[in-house]
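Undergrad: I have a structure I would like to understand better, so I am pasting it below and will then ask my questions one at a time.
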Amino acid sequence: MGLFDKLSLWLGLKKKEVNVLCLGLDNSGKTTIINQLKPSDSQAQDVVPTIGFSIEKFKTTSLSFTVFDMSGQGRYRNLWEHYYKEGQAIIFVIDSGDQLRMVVAKEELDTLLNHSDIMHRRIPILFFANKMDLRDAVSAVKVSQLLCLESIRDKPWHICASNAVKGEGLQEGVDWLQGTMAGLILLHQLLTHRDSVAVVISFALL
Amino acid sequence: MIKKFDKKDEESGSGSNPFQHLEKSAVLQEARIFNETPINPRRCLHILTKIIYLLNQGEHFGTTEATEAFFAMTRLFQSNDQTLRRMCYLTIKEMANISEDVIIVTSSLTKDMTGKEDVYRGPAIRALCRITDTTMLQAIERYMKQAIVDKVPSVSSSALVSSLHMVKMSYDVVKRWVNEAQEAASSDNIMVQYHALGLLYHLRKNDRLAVSKMLNKFTKSGLKSPFAYCMLIRIASRLLEETEGGHDSPLFDFIESCLRNKHEMVVYEAASAIVHMPNCTARELAPAVSVLQLFCSSPKAALRYAAVRTLNKVAMKHPSAVTACNLDLENLITDSNRSIATLAITTLLKTGSESSVDRLMKQISSFVSEISDEFKVVVVQAISALCQKYPRKHSVMMNFLSNMLRDDGGFEYKRAIVDCIIGIIEENPESKETGLAHLCEFIEDCEHTVLATKILHLLGREGPRTPSPSKYIRFIFNRVVLESEAVRAAAVSALAKFGAQNDDLLPSVLVLMQRCMMDSDDEVRDRATFYMNVLQQKQKALNAAYIFNGLSVSIPGLEKSLHQYTLEPSEKPFDMKTVPLATTPITEQKTEMAPVASSKLPEKLAPSRQDIYQEQLAAIPEFQGLGPLFKSSEPVQLTEAETEYVVRCIKHTFANHMVFQFDCTNTLNDQLLQKVVVQMEPSEAYEVVQYVPAASLPYSQPGSCYCLVRLPEDDPTAVSCTFSCTMKYLVRDCDPNTGEPDDDGYDDEYVLEDLEVTVADHIQKVLKPNFAAAWEEVGDEFEKEETFALSSVRTLDEAVGNIISFLGMQPCERSDKVPENKNSHVLFLAGVFRGGHDVLVRSRLALADGVTMQVTVRSGEETVVDVILASVG
């Protein structure tokens, strides 16, 4: 990465790109969430079950996200692992109205966390307890208990309730993700490119 | 310095392939950069190119490595680089069958095909349809329907063509898209219209009514696209052929109207369709031919080529129709395109008059060295056709052919020439010596074993009968000294024939044989020893049996009998007469006007029809112990073609029995027939032994029932008999749709036409290549002679044809062809009578007021002679 690129990153002209995996069981609302996050002119009108995966992009104030929106159907879940290496962050979507399959979601989450490509990385995970508007939906706290989220100690995580169809609660989650990612990136750069950062800082001071 | 640069340029190879030395493993290693972020489109593109190159070179990718590369490639969908994305589509299509889980890209592709970028949409559809299977098709059905009627032509065309591919896989789903395809067929874009028509046709092609409706609709409404018109013409001509519709049908009118279309492509397609129609009259051909004539003077080489090629084909069937174009064709002889010139000349050869032959031959020889082998073969075929038409021109042709034979050329080309020369020799006795001389010269330097053995065989057959046989000996013995084993063996056989037929040559042949006995090859030595011993006996009968006339048994049959004999060893020596005879004796290949295909006859020794029957009959327990099958007749129809039940009969002759096989077909879809038997009432002393019924006969599934009849033993001359036949069966009515039969049925019967058994059913055709020798071999012990008057026949040809078909024997020495303008002829017939007795018939015919026939019959068995004479009388 050239000096100019770095400079423009620092000055906020070009946004840092982040790859995010969007996972979760089928019919939990992954594609709908991603669709809501996209700029309104490129949103799809109707959402159909994803087959395989699709790549979507959206931007926040400081970051540019490339999302691998994976299919949640049973027969495709084993294909998730092909993309674990890519992911710098994970969005895990849970249908909070579907208590019956909460255990399935937990099982998939455990498999994910124990995968060799994920286990030893400090990778932020954002949980959406989606479909909070449903009458029999459980609260975000209950979801985190059901999934034993408190046992995740080596990764930053956050859970928030959401209603993807209306777009409620999504911004809170994305803000957290952006903040965490920005922190991680800064930390990473300070650790690896101490010299060039010093140059940039002195540039800025001048 | 400049020089150095040049050298370097040379080394890097101008035009050499940059991908020449690619390693699969290295390329797959490189493919890891697909995983890097950010993506470098230029490098990724290069690697994808390498992967596709390797795939196209036939490099094998294992499933694991292919899957790994495929999943790495899927990440490239992040990039918005157009070229890279389209390269991804190509890779997906290439890897669709070798990688696992290719459906992972389904959503990405559906997104692209419904997206805003038109460049992505068409390719995405094509890639998507490659990775989709029947179960997934439902999921994308909606998108496909939309894409078919999309206003962007490339999208619509892609969707249509992809649907066409998927018809094979999931017909039922694609069938639901007919309405969309129908809409696309009225598109303004010529390609979309063409593709839509193609899809519509393939969806309906099994339903003749629907196809003709569709044709009707489009021929009335008219189309924009010339491609679609061509397709319509093809569909129409196929439909005409299938329905055997007369030329007054509206379809024919449509095709004819296309001759006046403004697109040359359509005009040509229509003309070609008319020309290729079976049984086309001259009047119908005329407009098509005149259109082609116009094309002959077109400035476009492709059109000239197409026209002259089609005319060439017409000339085979209707030479007179093409004569009108002769002038235009003459102009094309000097065409700068050699292919056009060749076709023009060969067409002219077919249509031209005798007087123009010399001139044309001269013109051909001026450029024959410049054309490819394939066209040379066409020229040779034209010449061979010409020889048959104008036998008097054989000397010109023979010269020309021998010149061609000396030129370089491949096997097909040489074979065509040799076949042609052999054809001429057989047609014209006067040309025999020159022809043989040319062939002798050819085998002096011939690298094709097949041709050399063929010519040696011919020399052996024809050489001894020429005025000076000794001059061929040298050529033949040279082969023994110089050539490979197969040729040497053939040469030995040929030599033996000279020795057997020419007494004054015999001592020298014996000396040569002795030399051959020291050959290094087993087969050659064996043959030489065998012939040596036979020749030393100096007995005509032995010569005839073992040198001139080979085995006449069916080879698979012989193999089977010998195998059987080795399995059950017995005291008795192996009896050749138990081996079934070859049904179609190995006749000399007739170089009749057989169109182009003559050189492509299958050369494989397939089991003959009779061998198949033999096997089928042996499987039925009732027919075991009848001995080997002697002869199976051609099927005889016992009903009209369009009746409720169609029955045909095949007569199988055994040593003392006959088995009648009735192939029955039930054409009523509301009936199930059971226990079907054909009852036979013989007129003579034939005795019906047993019936084998066909258990059940459902609608349109043919079944066979059999009847076993013992031939009268006390009266061996009773060879002909008439049977009245009745089919008896149990009818059970059934539902035409489900085929479910009712519980109870009733007996019924159906009267068939009478079945005749004639003398021909007792005689198997056998070819005796040397009839005179065979005649001597049988001897005159049981010779009988009688004279008949055939008052009803008017020509010798007719008489010869009648005798051959009546006796069912093989004409020998080409005596079935009656020379023109002669009023007497001798016909030689050979055969084997049931039981394995050779029968020879010499029939002298004289044409006076009607035909007088003197028949001489020889056989090893007296009764056989009587049978023949009795049946003729």
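Note on naming: chains are A, B, ... as they come in the structure tokens, residues start from 1 per chain, ligands start from 1 in the order shown.
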Using DSSP on the backbone coordinates, identify all residues within chain A classified as alpha helix (DSSP H); present the result as a count of residues only.
TA: 74
Undergrad: Could you list, as an NGL selection string, the residues of chain B having an atom within 7 Å of chain A when counting only C-alpha atoms?
TA: :B and (71 or 77-78 or 103-108)
Undergrad: Might you pull out every residue within 12 Å of A:Ile118, with only C-alpha atoms counted and same-chain residues fewer than 2 positions away left off, and present them as a compact mmCIF listing (two decimals) with all heavy atoms, in the first residue's frame?
TA:
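Wrote part-v1.txt, looks like this:
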```
# COMPACT_ATOMS: atom_id res chain seq x y z
N LEU A 21 -18.44 -11.79 6.89
CA LEU A 21 -19.26 -12.95 6.57
C LEU A 21 -20.60 -12.80 7.26
O LEU A 21 -20.65 -12.45 8.44
CB LEU A 21 -18.61 -14.24 7.07
CG LEU A 21 -17.27 -14.63 6.47
CD1 LEU A 21 -16.82 -15.95 7.10
CD2 LEU A 21 -17.39 -14.77 4.97
N TRP A 80 -19.81 -22.86 4.14
CA TRP A 80 -19.37 -21.62 4.79
C TRP A 80 -17.87 -21.58 4.98
O TRP A 80 -17.22 -20.58 4.77
CB TRP A 80 -20.03 -21.49 6.19
CG TRP A 80 -21.50 -21.24 6.18
CD1 TRP A 80 -22.28 -21.02 5.09
CD2 TRP A 80 -22.37 -21.21 7.32
NE1 TRP A 80 -23.58 -20.85 5.47
CE2 TRP A 80 -23.67 -20.95 6.84
CE3 TRP A 80 -22.17 -21.36 8.70
CZ2 TRP A 80 -24.77 -20.85 7.68
CZ3 TRP A 80 -23.26 -21.24 9.54
CH2 TRP A 80 -24.56 -20.99 9.04
N GLU A 81 -17.34 -22.76 5.39
CA GLU A 81 -15.94 -22.77 5.82
C GLU A 81 -14.98 -22.36 4.71
O GLU A 81 -13.87 -21.93 5.00
CB GLU A 81 -15.58 -24.16 6.34
CG GLU A 81 -15.73 -25.24 5.28
CD GLU A 81 -15.40 -26.62 5.86
OE1 GLU A 81 -15.55 -26.78 7.06
OE2 GLU A 81 -14.99 -27.49 5.06
N HIS A 82 -15.42 -22.47 3.44
CA HIS A 82 -14.53 -22.05 2.35
C HIS A 82 -14.19 -20.57 2.45
O HIS A 82 -13.22 -20.12 1.88
CB HIS A 82 -15.19 -22.31 1.00
CG HIS A 82 -15.27 -23.76 0.64
ND1 HIS A 82 -14.21 -24.43 0.10
CD2 HIS A 82 -16.26 -24.66 0.77
CE1 HIS A 82 -14.55 -25.70 -0.11
NE2 HIS A 82 -15.81 -25.87 0.30
N TYR A 83 -15.03 -19.81 3.15
CA TYR A 83 -14.85 -18.36 3.14
C TYR A 83 -14.39 -17.82 4.48
O TYR A 83 -14.26 -16.62 4.65
CB TYR A 83 -16.16 -17.69 2.70
CG TYR A 83 -16.56 -18.13 1.31
CD1 TYR A 83 -17.36 -19.24 1.12
CD2 TYR A 83 -16.04 -17.47 0.20
CE1 TYR A 83 -17.68 -19.68 -0.14
CE2 TYR A 83 -16.35 -17.91 -1.07
CZ TYR A 83 -17.16 -19.00 -1.24
OH TYR A 83 -17.45 -19.43 -2.49
N TYR A 84 -14.16 -18.69 5.49
CA TYR A 84 -13.76 -18.22 6.82
C TYR A 84 -12.49 -17.40 6.79
O TYR A 84 -12.37 -16.40 7.48
CB TYR A 84 -13.56 -19.43 7.76
CG TYR A 84 -14.85 -20.08 8.22
CD1 TYR A 84 -14.85 -21.32 8.85
CD2 TYR A 84 -16.08 -19.44 8.03
CE1 TYR A 84 -16.02 -21.92 9.27
CE2 TYR A 84 -17.26 -20.05 8.45
CZ TYR A 84 -17.22 -21.28 9.07
OH TYR A 84 -18.38 -21.87 9.47
N LYS A 85 -11.53 -17.82 5.94
CA LYS A 85 -10.24 -17.11 5.90
C LYS A 85 -10.42 -15.65 5.53
O LYS A 85 -9.71 -14.78 6.02
CB LYS A 85 -9.33 -17.79 4.88
CG LYS A 85 -8.56 -18.96 5.44
CD LYS A 85 -7.31 -19.21 4.60
CE LYS A 85 -6.54 -20.41 5.13
NZ LYS A 85 -6.75 -21.61 4.31
N GLU A 86 -11.41 -15.41 4.63
CA GLU A 86 -11.65 -14.05 4.15
C GLU A 86 -12.11 -13.11 5.25
O GLU A 86 -11.78 -11.95 5.27
CB GLU A 86 -12.80 -14.08 3.13
CG GLU A 86 -12.36 -13.74 1.78
CD GLU A 86 -11.67 -14.97 1.28
OE1 GLU A 86 -12.11 -16.07 1.67
OE2 GLU A 86 -10.72 -14.81 0.58
N GLY A 87 -13.00 -13.68 6.10
CA GLY A 87 -13.76 -12.81 6.99
C GLY A 87 -12.89 -12.08 8.00
O GLY A 87 -12.13 -12.69 8.73
N GLN A 88 -13.06 -10.73 8.04
CA GLN A 88 -12.38 -9.96 9.07
C GLN A 88 -13.37 -9.69 10.20
O GLN A 88 -12.99 -9.22 11.27
CB GLN A 88 -11.86 -8.65 8.50
CG GLN A 88 -10.74 -8.90 7.51
CD GLN A 88 -10.51 -7.70 6.62
OE1 GLN A 88 -11.34 -7.39 5.77
NE2 GLN A 88 -9.41 -7.02 6.84
N ALA A 89 -14.65 -9.96 9.89
CA ALA A 89 -15.68 -9.83 10.92
C ALA A 89 -16.81 -10.77 10.54
O ALA A 89 -16.91 -11.19 9.39
CB ALA A 89 -16.20 -8.40 10.98
N ILE A 90 -17.65 -11.12 11.55
CA ILE A 90 -18.75 -12.03 11.26
C ILE A 90 -20.05 -11.41 11.75
O ILE A 90 -20.10 -10.85 12.86
CB ILE A 90 -18.53 -13.39 11.95
CG1 ILE A 90 -17.35 -14.13 11.30
CG2 ILE A 90 -19.78 -14.26 11.86
CD1 ILE A 90 -16.95 -15.39 12.00
N LEU A 109 -23.05 -22.30 15.51
CA LEU A 109 -22.16 -21.29 16.06
C LEU A 109 -20.93 -21.95 16.70
O LEU A 109 -19.80 -21.51 16.47
CB LEU A 109 -22.91 -20.45 17.10
CG LEU A 109 -22.08 -19.38 17.80
CD1 LEU A 109 -21.63 -18.34 16.79
CD2 LEU A 109 -22.87 -18.72 18.92
N ASP A 110 -21.17 -23.04 17.42
CA ASP A 110 -20.05 -23.74 18.06
C ASP A 110 -19.10 -24.29 17.02
O ASP A 110 -17.87 -24.19 17.17
CB ASP A 110 -20.58 -24.87 18.96
CG ASP A 110 -21.27 -24.31 20.19
OD1 ASP A 110 -21.06 -23.10 20.46
OD2 ASP A 110 -22.03 -25.05 20.85
N THR A 111 -19.68 -24.90 15.97
CA THR A 111 -18.83 -25.41 14.89
C THR A 111 -17.98 -24.29 14.31
O THR A 111 -16.79 -24.46 14.05
CB THR A 111 -19.70 -26.01 13.77
OG1 THR A 111 -20.83 -26.64 14.35
CG2 THR A 111 -18.92 -27.02 12.94
N LEU A 112 -18.62 -23.15 14.13
CA LEU A 112 -17.92 -21.99 13.57
C LEU A 112 -16.78 -21.56 14.48
O LEU A 112 -15.65 -21.40 14.03
CB LEU A 112 -18.94 -20.85 13.38
CG LEU A 112 -18.39 -19.45 13.18
CD1 LEU A 112 -17.80 -19.32 11.79
CD2 LEU A 112 -19.48 -18.41 13.36
N LEU A 113 -17.08 -21.44 15.77
CA LEU A 113 -16.07 -20.92 16.70
C LEU A 113 -14.91 -21.91 16.87
O LEU A 113 -13.80 -21.49 17.17
CB LEU A 113 -16.72 -20.64 18.06
CG LEU A 113 -17.70 -19.46 18.04
CD1 LEU A 113 -18.40 -19.34 19.38
CD2 LEU A 113 -16.98 -18.17 17.68
N ASN A 114 -15.19 -23.18 16.66
CA ASN A 114 -14.14 -24.17 16.86
C ASN A 114 -13.38 -24.48 15.57
O ASN A 114 -12.53 -25.36 15.56
CB ASN A 114 -14.74 -25.46 17.42
CG ASN A 114 -15.16 -25.25 18.85
OD1 ASN A 114 -14.48 -24.55 19.62
ND2 ASN A 114 -16.31 -25.80 19.21
N HIS A 115 -13.75 -23.79 14.50
CA HIS A 115 -13.05 -24.04 13.24
C HIS A 115 -11.65 -23.47 13.31
O HIS A 115 -11.44 -22.40 13.89
CB HIS A 115 -13.84 -23.42 12.09
CG HIS A 115 -13.37 -23.89 10.75
ND1 HIS A 115 -12.33 -23.28 10.08
CD2 HIS A 115 -13.78 -24.91 9.95
CE1 HIS A 115 -12.13 -23.90 8.94
NE2 HIS A 115 -13.00 -24.90 8.84
N SER A 116 -10.71 -24.18 12.68
CA SER A 116 -9.31 -23.77 12.82
C SER A 116 -9.04 -22.38 12.24
O SER A 116 -8.12 -21.69 12.68
CB SER A 116 -8.40 -24.80 12.15
OG SER A 116 -8.79 -24.95 10.80
N HIS A 120 -8.38 -19.08 16.59
CA HIS A 120 -7.31 -18.33 17.24
C HIS A 120 -7.24 -16.89 16.75
O HIS A 120 -6.24 -16.22 16.97
CB HIS A 120 -5.98 -19.04 17.00
CG HIS A 120 -6.01 -20.43 17.54
ND1 HIS A 120 -6.14 -20.69 18.89
CD2 HIS A 120 -5.97 -21.64 16.93
CE1 HIS A 120 -6.18 -22.01 19.07
NE2 HIS A 120 -6.08 -22.60 17.89
N ARG A 121 -8.26 -16.46 16.05
CA ARG A 121 -8.21 -15.07 15.58
C ARG A 121 -9.09 -14.20 16.46
O ARG A 121 -10.14 -14.64 16.92
CB ARG A 121 -8.68 -14.99 14.13
CG ARG A 121 -7.69 -15.61 13.15
CD ARG A 121 -8.30 -15.83 11.79
NE ARG A 121 -8.76 -14.58 11.19
CZ ARG A 121 -9.62 -14.54 10.18
NH1 ARG A 121 -10.09 -15.68 9.68
NH2 ARG A 121 -10.01 -13.38 9.69
N ARG A 122 -8.66 -12.97 16.64
CA ARG A 122 -9.46 -12.04 17.44
C ARG A 122 -10.41 -11.33 16.47
O ARG A 122 -10.19 -10.21 16.04
CB ARG A 122 -8.54 -11.03 18.12
CG ARG A 122 -9.14 -10.46 19.37
CD ARG A 122 -8.18 -9.50 20.06
NE ARG A 122 -8.93 -8.42 20.70
CZ ARG A 122 -9.71 -8.61 21.76
NH1 ARG A 122 -9.82 -9.79 22.30
NH2 ARG A 122 -10.37 -7.56 22.27
N ILE A 123 -11.47 -12.03 16.13
CA ILE A 123 -12.34 -11.57 15.07
C ILE A 123 -13.67 -11.14 15.68
O ILE A 123 -14.27 -11.89 16.44
CB ILE A 123 -12.49 -12.71 14.03
CG1 ILE A 123 -13.42 -12.35 12.90
CG2 ILE A 123 -12.97 -14.00 14.66
CD1 ILE A 123 -13.36 -13.39 11.78
N PRO A 124 -14.11 -9.92 15.43
CA PRO A 124 -15.35 -9.45 16.06
C PRO A 124 -16.59 -10.13 15.48
O PRO A 124 -16.66 -10.36 14.28
CB PRO A 124 -15.38 -7.94 15.74
CG PRO A 124 -14.45 -7.76 14.61
CD PRO A 124 -13.47 -8.88 14.60
N ILE A 125 -17.53 -10.46 16.37
CA ILE A 125 -18.77 -11.10 15.94
C ILE A 125 -19.95 -10.25 16.38
O ILE A 125 -20.09 -9.92 17.56
CB ILE A 125 -18.91 -12.50 16.53
CG1 ILE A 125 -17.66 -13.33 16.26
CG2 ILE A 125 -20.13 -13.21 15.94
CD1 ILE A 125 -17.71 -14.72 16.84
N ASP A 154 -12.37 -14.79 23.88
CA ASP A 154 -11.21 -14.27 23.12
C ASP A 154 -11.61 -13.43 21.92
O ASP A 154 -10.78 -13.05 21.13
CB ASP A 154 -10.32 -15.44 22.67
CG ASP A 154 -11.11 -16.45 21.86
OD1 ASP A 154 -12.36 -16.41 21.92
OD2 ASP A 154 -10.50 -17.27 21.14
N LYS A 155 -12.89 -13.16 21.75
CA LYS A 155 -13.31 -12.35 20.61
C LYS A 155 -14.27 -11.29 21.09
O LYS A 155 -15.12 -11.56 21.95
CB LYS A 155 -14.02 -13.24 19.56
CG LYS A 155 -13.13 -14.31 18.95
CD LYS A 155 -13.92 -15.13 17.96
CE LYS A 155 -13.06 -16.21 17.29
NZ LYS A 155 -12.33 -17.09 18.19
```
Undergrad: Apply DSSP to the structure's backbone, then extract all residues of chain A labelled strand (DSSP E or B) and return them as a PyMOL selection string.
TA: chain A and resi 16-24+53-59+63-70+89-95+125-130+157-161+163+168
Undergrad: Expressed in Å to a single decimal, how great is the separation between atom CA of B:Pro18 and atom CA of B:Ile51?
TA: 13.4 Å
Undergrad: Report the distance between atom CA of B:Lys675 and atom CA of B:Asp611 in Å, rounded to one decimal place.
TA: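 Atom CA of B:Asp611 lies 27.6 Å from atom CA of B:Lys675.
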Undergrad: For stretch 146-149 of chain A, list every protein, DNA or RNA residue within 9 Å, evaluated using only C-alpha atoms, and leave out those in the same chain fewer than 3 positions away; present the list as a list in words.
TA: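 Those residues are Met102, Val103, Ala105, Lys106, Glu107, Leu109, Asp110, Val141, Lys142, Val143, Ile152, Arg153 and Trp157 of chain A.
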Undergrad: List as a list in words the protein and nucleic acid residues near B:Glu749, meaning an atom at most 9 Å away when only C-alpha atoms are counted, but skip any in the same chain fewer than 5 places from it.
TA: Thr726, Met727, Lys728, Tyr729 and Leu730 of chain B
Undergrad: Can you spit out the residues from that selection as a compact mmCIF listing (two decimals), in the first residue's frame, using N, CA and C atoms?
TA:
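Output saved as selection_14.txt:
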```txt
# COMPACT_ATOMS: atom_id res chain seq x y z
N THR B 726 -54.29 -69.49 -40.17
CA THR B 726 -55.29 -68.78 -39.39
C THR B 726 -54.67 -68.43 -38.04
N MET B 727 -54.82 -67.19 -37.64
CA MET B 727 -54.30 -66.79 -36.34
C MET B 727 -55.41 -66.98 -35.32
N LYS B 728 -55.12 -67.72 -34.23
CA LYS B 728 -56.11 -67.94 -33.18
C LYS B 728 -55.57 -67.37 -31.88
N TYR B 729 -56.46 -66.75 -31.11
CA TYR B 729 -55.98 -66.06 -29.91
C TYR B 729 -57.13 -65.78 -28.95
N LEU B 730 -56.78 -65.37 -27.77
CA LEU B 730 -57.75 -64.98 -26.75
C LEU B 730 -57.71 -63.46 -26.64
```
Undergrad: Give me the residues within 7 Å of stretch 647-655 of chain B as a list of chain:residue names, counting only C-alpha atoms and dropping any in the same chain fewer than 3 places off.
TA: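 Close residues of stretch 647-655 of chain B: B:Leu626, B:Gly627, B:Pro628, B:Leu629, B:Phe630, B:Lys631, B:Ser632, B:Ser633, B:Glu634, B:Pro635, B:Val636, B:Gln637, B:Leu638, B:Thr639, B:Met658, B:Val659, B:Phe660, B:Gln661, B:Phe662, B:Asp663, B:Cys664, B:Thr665, B:Asp761, B:His762, B:Arg834, B:Gly835.
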Undergrad: Using only C-alpha atoms, which of B:Tyr143, B:Phe771, B:Phe498, B:Tyr89 sits nearest B:Thr110?
TA: B:Tyr143
Undergrad: Of the residues A:Gly24, A:Gly169, A:Gly97, A:Gly74, which is the one nearest to A:Leu37, using only C-alpha atoms?
TA: A:Gly169
Undergrad: Which residues are close to B:Leu349, i.e. within 9 Å by only C-alpha atoms, leaving aside same-chain residues fewer than 6 positions away? Reply as a PyMOL selection string.
TA: chain B and resi 356-357+360-361+379+382-383+385-386
